[in-house]
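Data block for query37.txt (compact mmCIF, C-alpha atoms):
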```txt
# COMPACT_ATOMS: atom_id res chain seq x y z
CA MET K 1 -31.47 -59.09 -44.80
CA SER K 2 -32.70 -59.53 -41.25
CA GLU K 3 -29.36 -60.74 -39.98
CA ASP K 4 -28.36 -62.30 -36.70
CA ARG K 5 -24.78 -61.08 -36.48
CA GLU K 6 -23.89 -63.51 -33.68
CA VAL K 7 -24.94 -66.46 -35.84
CA LEU K 8 -22.98 -65.13 -38.82
CA ARG K 9 -19.82 -64.66 -36.76
CA GLU K 10 -20.12 -68.03 -35.03
CA VAL K 11 -20.50 -69.80 -38.36
CA TRP K 12 -17.55 -67.85 -39.78
CA GLU K 13 -15.31 -68.74 -36.84
CA GLY K 14 -15.87 -72.50 -37.17
CA LYS K 15 -12.53 -74.27 -37.61
CA ILE K 16 -11.26 -77.83 -38.06
CA PRO K 17 -7.90 -79.04 -36.70
CA ILE K 18 -6.09 -80.98 -39.44
CA ARG K 19 -3.05 -83.25 -39.26
CA PHE K 20 -1.20 -83.35 -42.59
CA SER K 21 1.11 -86.32 -43.19
CA LEU K 22 3.31 -86.92 -46.21
CA ASP K 23 2.05 -89.93 -48.18
CA GLY K 24 4.48 -92.82 -48.39
CA ASP K 25 6.51 -91.67 -45.40
CA VAL K 26 6.66 -95.20 -43.99
CA GLY K 27 9.61 -94.55 -41.73
CA GLY K 28 8.11 -91.40 -40.28
CA VAL K 29 11.06 -89.31 -41.46
CA SER K 30 8.96 -86.15 -41.77
CA GLU K 31 7.05 -84.61 -38.91
CA PRO K 32 3.30 -84.20 -39.46
CA TYR K 33 2.01 -80.68 -39.90
CA PHE K 34 -0.92 -79.33 -37.90
CA LEU K 35 -3.21 -76.49 -38.95
CA MET K 36 -6.51 -75.04 -37.79
CA LEU K 37 -8.38 -74.38 -41.03
CA PRO K 38 -11.59 -72.36 -41.27
CA ARG K 39 -14.62 -74.38 -42.30
CA GLN K 40 -15.29 -71.65 -44.86
CA SER K 41 -11.90 -72.00 -46.55
CA TYR K 42 -10.49 -74.24 -49.29
CA LEU K 43 -7.63 -76.71 -48.93
CA PRO K 44 -5.58 -75.09 -51.74
CA LEU K 45 -5.18 -72.00 -49.53
CA ALA K 46 -3.12 -74.20 -47.18
CA LEU K 47 -0.82 -75.46 -49.95
CA GLU K 48 1.91 -72.88 -49.45
CA LYS K 49 2.31 -73.63 -45.73
CA VAL K 50 2.11 -77.40 -46.28
CA ARG K 51 4.69 -77.28 -49.08
CA LYS K 52 7.08 -75.23 -46.96
CA HIS K 53 6.82 -77.69 -44.06
CA PHE K 54 7.52 -80.78 -46.21
CA SER K 55 9.91 -79.10 -48.69
CA LYS K 56 12.97 -81.14 -47.62
CA HIS K 57 11.11 -84.39 -48.25
CA LEU K 58 9.67 -83.61 -51.69
CA GLU K 59 11.38 -84.84 -54.86
CA SER K 60 11.23 -81.36 -56.35
CA SER K 61 10.27 -77.88 -55.22
CA ASP K 62 7.94 -77.86 -58.23
CA SER K 63 6.14 -81.07 -57.25
CA GLU K 64 2.38 -80.73 -57.58
CA LEU K 65 0.60 -81.46 -54.32
CA TRP K 66 -2.94 -82.46 -53.48
CA PHE K 67 -4.70 -84.11 -50.56
CA SER K 68 -6.40 -87.41 -49.84
CA CYS K 69 -8.25 -89.04 -46.96
CA ASN K 70 -8.33 -92.80 -46.44
CA GLY K 71 -7.06 -93.31 -49.97
CA SER K 72 -9.64 -91.06 -51.65
CA THR K 73 -8.64 -87.85 -53.41
CA LEU K 74 -10.34 -84.88 -51.79
CA ARG K 75 -12.41 -82.62 -54.03
CA TRP K 76 -10.57 -79.51 -52.96
CA HIS K 77 -12.82 -77.13 -54.89
CA LEU K 78 -15.33 -77.78 -52.09
CA PRO K 79 -15.16 -75.90 -48.77
CA VAL K 80 -13.19 -77.55 -45.97
CA GLY K 81 -16.27 -77.74 -43.75
CA LEU K 82 -18.27 -79.55 -46.41
CA LEU K 83 -15.45 -82.05 -47.00
CA PHE K 84 -15.35 -82.82 -43.28
CA ASP K 85 -19.15 -83.20 -43.10
CA LEU K 86 -19.02 -85.66 -46.01
CA PHE K 87 -16.23 -87.57 -44.27
CA ILE K 88 -18.29 -87.82 -41.06
CA GLN K 89 -21.30 -89.06 -42.99
CA SER K 90 -19.16 -91.72 -44.68
CA GLN K 91 -18.65 -93.48 -41.36
CA GLU K 92 -20.54 -96.77 -41.21
CA SER K 93 -21.76 -96.78 -37.61
CA PRO K 94 -23.46 -94.07 -35.51
CA GLU K 95 -20.65 -94.37 -32.96
CA GLU K 96 -18.05 -93.54 -35.60
CA SER K 97 -20.10 -90.54 -36.77
CA ASP K 98 -19.13 -88.48 -33.74
CA PRO K 99 -16.95 -85.67 -35.20
CA SER K 100 -14.89 -85.41 -32.00
CA LEU K 101 -13.53 -88.93 -32.61
CA HIS K 102 -11.90 -87.77 -35.84
CA LEU K 103 -10.12 -84.65 -34.62
CA PRO K 104 -7.58 -83.75 -35.70
CA TRP K 105 -8.71 -84.79 -39.16
CA ASN K 106 -5.97 -86.91 -40.73
CA LEU K 107 -5.14 -85.99 -44.31
CA ASP K 108 -2.38 -87.29 -46.58
CA VAL K 109 -0.27 -84.94 -48.68
CA MET K 110 0.13 -86.47 -52.14
CA SER K 111 2.67 -85.69 -54.86
CA GLY K 112 3.51 -87.05 -58.28
CA ASP K 113 1.17 -87.38 -61.26
CA PHE K 114 -1.66 -84.95 -60.62
CA PRO K 115 -5.10 -86.68 -60.73
CA THR K 116 -6.61 -84.46 -63.43
CA GLU K 117 -9.53 -86.85 -63.94
CA GLU K 118 -10.56 -86.50 -60.30
CA ILE K 119 -9.98 -82.85 -59.35
CA ILE K 120 -9.36 -79.53 -61.04
CA ARG K 121 -6.09 -77.66 -60.72
CA LEU K 122 -6.38 -74.97 -58.07
CA ASN K 123 -2.73 -74.81 -57.04
CA SER K 124 -2.44 -71.04 -57.21
CA LYS K 125 -4.33 -68.31 -55.39
CA GLU K 126 -5.14 -66.71 -58.73
CA SER K 127 -6.89 -69.83 -60.04
CA LEU K 128 -8.75 -70.24 -56.76
CA GLU K 129 -9.86 -66.59 -56.83
CA THR K 130 -11.20 -67.06 -60.35
CA TYR K 131 -13.10 -70.16 -59.26
CA PHE K 132 -14.46 -68.44 -56.14
CA LEU K 133 -15.71 -65.41 -58.08
CA SER K 134 -17.36 -67.65 -60.68
CA CYS K 135 -19.30 -69.35 -57.87
CA LEU K 136 -20.32 -65.94 -56.51
CA LYS K 137 -21.54 -64.86 -59.94
CA GLU K 138 -23.63 -68.01 -60.27
CA ALA K 139 -25.11 -67.54 -56.79
CA ASP K 140 -25.93 -63.90 -57.54
CA GLN K 141 -27.58 -64.93 -60.80
CA ILE K 142 -29.76 -67.42 -58.91
CA LYS K 143 -30.69 -64.93 -56.16
CA HIS K 144 -30.85 -61.59 -57.96
CA GLY K 145 -30.59 -62.26 -61.67
CA GLY K 146 -26.93 -61.19 -61.51
CA ARG K 147 -27.79 -57.58 -60.68
CA VAL K 148 -25.61 -57.18 -57.57
CA LEU K 149 -22.19 -58.48 -58.59
CA SER K 150 -22.38 -56.91 -62.05
CA LYS K 151 -22.71 -53.47 -60.43
CA MET K 152 -20.10 -54.10 -57.74
CA GLN K 153 -16.92 -52.08 -58.05
CA LYS K 154 -13.65 -53.93 -58.57
CA LYS K 155 -12.30 -52.68 -55.25
CA ASP K 156 -15.29 -54.21 -53.46
CA GLN K 157 -14.75 -57.53 -55.23
CA ASN K 158 -11.09 -57.39 -54.18
CA GLN K 159 -12.10 -56.66 -50.58
CA LEU K 160 -14.48 -59.62 -50.67
CA TRP K 161 -11.70 -61.95 -51.84
CA GLN K 162 -9.07 -60.56 -49.47
CA GLY K 163 -11.44 -60.81 -46.52
CA PHE K 164 -12.23 -64.41 -47.45
CA GLN K 165 -8.70 -65.68 -48.04
CA ASN K 166 -7.35 -63.90 -44.95
CA ASP K 167 -10.23 -65.10 -42.75
CA LYS K 168 -11.28 -61.53 -41.86
CA PHE K 169 -14.98 -61.44 -40.98
CA ASP K 170 -15.13 -57.65 -40.62
CA GLN K 171 -13.48 -57.19 -44.01
CA PHE K 172 -15.62 -59.74 -45.85
CA TRP K 173 -19.13 -59.20 -44.48
CA PRO K 174 -19.69 -55.48 -45.21
CA ILE K 175 -19.38 -56.36 -48.91
CA ASN K 176 -21.03 -59.78 -48.75
CA ARG K 177 -24.07 -58.19 -47.09
CA LYS K 178 -24.91 -56.60 -50.45
CA LEU K 179 -25.19 -60.10 -51.94
CA MET K 180 -27.45 -61.16 -49.08
CA GLU K 181 -30.04 -58.42 -49.60
CA ALA K 182 -33.33 -59.55 -51.10
CA GLN K 183 -34.30 -57.80 -54.32
CA GLY K 184 -37.73 -57.27 -55.84
CA SER K 185 -40.32 -54.81 -56.99
CA SER K 186 -43.20 -56.03 -54.82
CA GLU K 187 -43.49 -56.54 -51.09
CA ASP K 188 -43.50 -60.34 -51.49
CA GLU K 189 -40.47 -60.35 -53.77
CA ALA K 190 -38.49 -58.01 -51.54
CA SER K 191 -38.80 -60.38 -48.59
CA SER K 192 -36.80 -63.17 -50.19
CA PHE K 193 -34.41 -64.16 -52.95
CA LYS K 194 -35.66 -65.16 -56.37
CA HIS K 195 -34.25 -68.64 -55.81
CA ILE K 196 -31.94 -70.25 -53.24
CA PRO K 197 -28.37 -71.11 -54.33
CA VAL K 198 -28.01 -74.66 -53.01
CA ARG K 199 -25.94 -77.71 -53.83
CA ILE K 200 -26.68 -81.15 -52.41
CA TYR K 201 -24.09 -83.88 -51.85
CA LYS K 202 -24.65 -87.53 -51.04
CA GLY K 203 -21.54 -89.67 -50.55
CA ASP K 204 -19.41 -89.89 -53.69
CA ALA K 205 -22.33 -89.21 -56.02
CA PRO K 206 -22.17 -86.14 -58.26
CA MET K 207 -23.41 -82.88 -56.78
CA CYS K 208 -27.10 -82.12 -57.33
CA GLN K 209 -28.44 -78.65 -58.04
CA LYS K 210 -31.90 -77.27 -58.83
CA LEU K 211 -33.68 -73.92 -58.89
CA ILE K 212 -35.35 -73.83 -55.48
CA LYS K 213 -37.96 -71.16 -54.73
CA THR K 214 -38.19 -69.47 -51.35
CA GLN K 215 -41.97 -69.88 -51.21
CA THR K 216 -44.31 -72.81 -51.72
CA GLU K 217 -47.32 -72.74 -54.03
CA ASP K 218 -49.53 -71.47 -51.20
CA LYS K 219 -47.08 -68.56 -50.63
CA SER K 220 -45.80 -69.87 -47.30
CA LEU K 221 -42.06 -69.87 -46.61
CA ALA K 222 -40.34 -72.90 -48.11
CA THR K 223 -38.49 -74.97 -45.51
CA LEU K 224 -35.50 -77.28 -45.48
CA LYS K 225 -37.91 -80.23 -45.62
CA ASP K 226 -39.60 -78.81 -48.72
CA MET K 227 -36.23 -78.51 -50.42
CA ILE K 228 -35.05 -82.02 -49.48
CA LEU K 229 -38.27 -83.45 -50.91
CA GLU K 230 -37.60 -81.55 -54.15
CA PHE K 231 -34.38 -83.52 -54.51
CA TYR K 232 -35.53 -86.81 -52.96
CA PRO K 233 -39.34 -86.97 -53.31
CA GLU K 234 -39.60 -90.59 -52.17
CA SER K 235 -37.53 -90.09 -49.02
CA ASN K 236 -38.65 -90.05 -45.42
CA THR K 237 -36.97 -86.92 -44.11
CA ASP K 238 -37.26 -88.23 -40.53
CA ASP K 239 -34.70 -90.90 -41.43
CA MET K 240 -32.25 -88.56 -43.15
CA GLN K 241 -29.20 -86.89 -41.69
CA VAL K 242 -28.77 -83.41 -43.14
CA LEU K 243 -25.62 -81.40 -42.42
CA THR K 244 -24.48 -77.93 -43.35
CA GLN K 245 -21.68 -76.06 -41.59
CA GLY K 246 -21.44 -79.08 -39.25
CA ILE K 247 -25.00 -78.39 -38.09
CA SER K 248 -28.18 -80.46 -38.48
CA PRO K 249 -30.84 -77.75 -38.92
CA HIS K 250 -34.46 -78.45 -38.01
CA MET K 251 -36.46 -79.53 -41.05
CA ASP K 252 -38.91 -76.67 -40.48
CA THR K 253 -36.20 -74.00 -40.83
CA PRO K 254 -37.09 -71.51 -43.60
CA LEU K 255 -34.77 -71.72 -46.59
CA GLN K 256 -34.44 -67.94 -46.74
CA TRP K 257 -33.02 -67.86 -43.21
CA LEU K 258 -30.67 -70.77 -43.96
CA SER K 259 -29.41 -69.06 -47.10
CA GLU K 260 -28.79 -65.77 -45.29
CA HIS K 261 -27.04 -67.28 -42.26
CA LEU K 262 -25.52 -70.68 -43.15
CA SER K 263 -24.33 -70.17 -46.72
CA TYR K 264 -20.61 -70.53 -47.34
CA PRO K 265 -18.69 -67.44 -48.55
CA ASP K 266 -19.42 -68.43 -52.17
CA ASN K 267 -23.08 -67.69 -51.25
CA PHE K 268 -24.19 -71.30 -51.77
CA LEU K 269 -25.80 -73.53 -49.20
CA HIS K 270 -23.67 -76.69 -49.36
CA ILE K 271 -25.71 -79.50 -47.82
CA SER K 272 -24.64 -83.11 -47.31
CA VAL K 273 -27.28 -85.79 -46.79
CA LYS K 274 -27.25 -89.40 -45.71
```
Would you mind writing the file's structure down as structure tokens?
Amino acid sequence: MSEDREVLREVWEGKIPIRFSLDGDVGGVSEPYFLMLPRQSYLPLALEKVRKHFSKHLESSDSELWFSCNGSTLRWHLPVGLLFDLFIQSQESPEESDPSLHLPWNLDVMSGDFPTEEIIRLNSKESLETYFLSCLKEADQIKHGGRVLSKMQKKDQNQLWQGFQNDKFDQFWPINRKLMEAQGSSEDEASSFKHIPVRIYKGDAPMCQKLIKTQTEDKSLATLKDMILEFYPESNTDDMQVLTQGISPHMDTPLQWLSEHLSYPDNFLHISVK
């Protein structure tokens, strides 16, 4: 991996200020709760702090909590940064699409009958860790045929998870770097991943995923534009808004570079399009 450490750290340090309000608190009895959450993180990792803040106003200490925005349940198995990018792209006018107009991001804390048909239960750190590691295994399978994670010692996997959940760049990246190394027996193969782990999101539509190669048929480096056209062959990429990590990369950016530098900690590129 030919890494640009400054880019990696800047992406890691991206945060979103969030204002949590208890749903149904018409009289404003409870004070809102403010947190700066890493773009790389997941909302369930904030549950413990949110529950503690609103504990006096919940029907039961065992009440299941989840989050919504403008009446829509948030898919909290997705990274916080991706959820915010999707929210920004849901705005109807260009003026409303300025992220600074929506900070802090207003989220509602919901309780009651858990919406099992809309989101999966990730209300414990153990369940979230299992989900996170399953994503890593899938990404490693796509990039390396599963060779890296299968050989990784348990203590390294634990360090990866602890570094992620505690927002510790210097704890996470020494291990994650192993997952970012290109593998291959030939010079061409060694310069890139086998395929790029990428997931595409468009509004409320289901996530799209394909096996995307790092090179085109003529052996040149595949770009973001090449990938977008794989998913939307009839689209004019000049008219599309593409976001990842809150950034609109140039369409000529090589996919290999994007995967190495702008992937989320689960090793997937999560890209929202409009």
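Among the candidates K:His144, K:Lys274, K:His57, K:Arg19, the one nearest to K:Asp204 when counting all atoms listed in the file is K:Lys274.
Proximity to K:Asp266 was assessed for K:Leu128, K:Leu65, K:Leu107, K:Ile88 counting all atoms listed in the file; the smallest distance is recorded for K:Leu128.
Closest approach to K:Ser127 from the set K:Leu22, K:Leu37, K:Leu255, K:Leu45 is made by K:Leu45, with distances taken over only C-alpha atoms.
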TODO: Work out how far atom CA of K:Ser150 is from atom CA of K:His195, in Å to one decimal.
DONE: 17.8 Å
TODO: Please provide as an MDAnalysis selection string all residues within 10 Å of K:Arg51, with the sequence filter that same-chain residues fewer than 6 positions apart are discarded (counting all atoms listed in the file).
DONE: chainID K and resid 57:58 61:65 109
Open item on the list: As an exercise, work out the distance from atom CA of K:Pro38 to atom CA of K:Val242 in Å and give it to one decimal place.
Closed with: 20.5 Å
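Near K:Asp170, within a cut-off of 12 Å and counting all atoms listed in the file, sit the residues Arg5, Leu8, Arg9, Trp12, Glu13, Gln159, Leu160, Gln162, Gly163, Phe164, Asn166, Asp167, Lys168, Phe172, Trp173, Pro174, Ile175, Asn176 and Arg177 of chain K, with same-chain residues fewer than 2 positions away left out.
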Open item on the list: The residues within 12 Å of (-26.6, -67.6, -44.3), using all atoms listed in the file and the coordinates of the file, should be reported as a VMD selection string; which are they?
Closed with: chain K and resid 1 to 12 173 176 to 177 179 to 181 196 to 198 244 to 245 254 to 270
Task: Best match for closeness to K:Glu138 among K:Leu211, K:Ser272, K:Gly81, K:Thr223, counting only C-alpha atoms - done: K:Leu211
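Going from atom CA of K:Thr73 to atom CA of K:Pro249 covers 28.4 Å.
The smallest atom-to-atom distance between K:Ser220 and any of K:Gly71, K:Leu78, K:Ser191, K:Phe114, using all atoms listed in the file, is found for K:Ser191.
Using only C-alpha atoms, the contacts of K:Lys225 at a cut-off of 8 Å, with sequence neighbours closer than 4 positions omitted, comprise Leu229, Thr237, Met251 and Asp252 of chain K.
Among the candidates K:Ile18, K:Met240, K:Met36, K:Ala46, the residue lying nearest to K:Cys69 is K:Ile18 (atoms considered: all atoms listed in the file).
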Open item on the list: Please list, as an NGL selection string, the residues that have an atom at most 7 Å away from (-2.6, -87.9, -53.1) in the coordinates of this file, counting all atoms listed in the file.
Closed with: :K and (66-68 or 73 or 108-111)
Kindly output stretch 249-264 of chain K as a PDB file, keeping the file's coordinate frame, after building N, CA and C atoms.
```
ATOM      1  N   PRO K 249     -29.736 -78.688 -39.159  1.00  0.00           N
ATOM      2  CA  PRO K 249     -30.840 -77.750 -38.920  1.00  0.00           C
ATOM      3  C   PRO K 249     -32.176 -78.488 -38.808  1.00  0.00           C
ATOM      4  N   HIS K 250     -33.115 -77.897 -38.101  1.00  0.00           N
ATOM      5  CA  HIS K 250     -34.460 -78.450 -38.010  1.00  0.00           C
ATOM      6  C   HIS K 250     -35.102 -78.398 -39.389  1.00  0.00           C
ATOM      7  N   MET K 251     -35.856 -79.441 -39.725  1.00  0.00           N
ATOM      8  CA  MET K 251     -36.460 -79.530 -41.050  1.00  0.00           C
ATOM      9  C   MET K 251     -37.451 -78.404 -41.334  1.00  0.00           C
ATOM     10  N   ASP K 252     -37.955 -77.759 -40.287  1.00  0.00           N
ATOM     11  CA  ASP K 252     -38.910 -76.670 -40.480  1.00  0.00           C
ATOM     12  C   ASP K 252     -38.239 -75.307 -40.657  1.00  0.00           C
ATOM     13  N   THR K 253     -36.912 -75.276 -40.680  1.00  0.00           N
ATOM     14  CA  THR K 253     -36.200 -74.000 -40.830  1.00  0.00           C
ATOM     15  C   THR K 253     -36.448 -73.406 -42.211  1.00  0.00           C
ATOM     16  N   PRO K 254     -36.856 -72.141 -42.286  1.00  0.00           N
ATOM     17  CA  PRO K 254     -37.090 -71.510 -43.600  1.00  0.00           C
ATOM     18  C   PRO K 254     -35.801 -71.450 -44.424  1.00  0.00           C
ATOM     19  N   LEU K 255     -35.929 -71.734 -45.700  1.00  0.00           N
ATOM     20  CA  LEU K 255     -34.770 -71.720 -46.590  1.00  0.00           C
ATOM     21  C   LEU K 255     -34.139 -70.332 -46.678  1.00  0.00           C
ATOM     22  N   GLN K 256     -34.978 -69.294 -46.655  1.00  0.00           N
ATOM     23  CA  GLN K 256     -34.440 -67.940 -46.740  1.00  0.00           C
ATOM     24  C   GLN K 256     -33.492 -67.670 -45.580  1.00  0.00           C
ATOM     25  N   TRP K 257     -33.879 -68.070 -44.382  1.00  0.00           N
ATOM     26  CA  TRP K 257     -33.020 -67.860 -43.210  1.00  0.00           C
ATOM     27  C   TRP K 257     -31.736 -68.679 -43.349  1.00  0.00           C
ATOM     28  N   LEU K 258     -31.862 -69.925 -43.781  1.00  0.00           N
ATOM     29  CA  LEU K 258     -30.670 -70.770 -43.960  1.00  0.00           C
ATOM     30  C   LEU K 258     -29.715 -70.136 -44.964  1.00  0.00           C
ATOM     31  N   SER K 259     -30.256 -69.640 -46.068  1.00  0.00           N
ATOM     32  CA  SER K 259     -29.410 -69.060 -47.100  1.00  0.00           C
ATOM     33  C   SER K 259     -28.694 -67.810 -46.601  1.00  0.00           C
ATOM     34  N   GLU K 260     -29.381 -67.004 -45.797  1.00  0.00           N
ATOM     35  CA  GLU K 260     -28.790 -65.770 -45.290  1.00  0.00           C
ATOM     36  C   GLU K 260     -27.737 -66.018 -44.214  1.00  0.00           C
ATOM     37  N   HIS K 261     -27.885 -67.098 -43.446  1.00  0.00           N
ATOM     38  CA  HIS K 261     -27.040 -67.280 -42.260  1.00  0.00           C
ATOM     39  C   HIS K 261     -26.071 -68.466 -42.336  1.00  0.00           C
ATOM     40  N   LEU K 262     -26.380 -69.496 -43.130  1.00  0.00           N
ATOM     41  CA  LEU K 262     -25.520 -70.680 -43.150  1.00  0.00           C
ATOM     42  C   LEU K 262     -24.876 -70.941 -44.510  1.00  0.00           C
ATOM     43  N   SER K 263     -25.036 -70.016 -45.446  1.00  0.00           N
ATOM     44  CA  SER K 263     -24.330 -70.170 -46.720  1.00  0.00           C
ATOM     45  C   SER K 263     -22.828 -70.033 -46.505  1.00  0.00           C
ATOM     46  N   TYR K 264     -22.058 -70.702 -47.347  1.00  0.00           N
ATOM     47  CA  TYR K 264     -20.610 -70.530 -47.340  1.00  0.00           C
ATOM     48  C   TYR K 264     -20.279 -69.203 -48.033  1.00  0.00           C
TER      49      TYR K 264
END
```
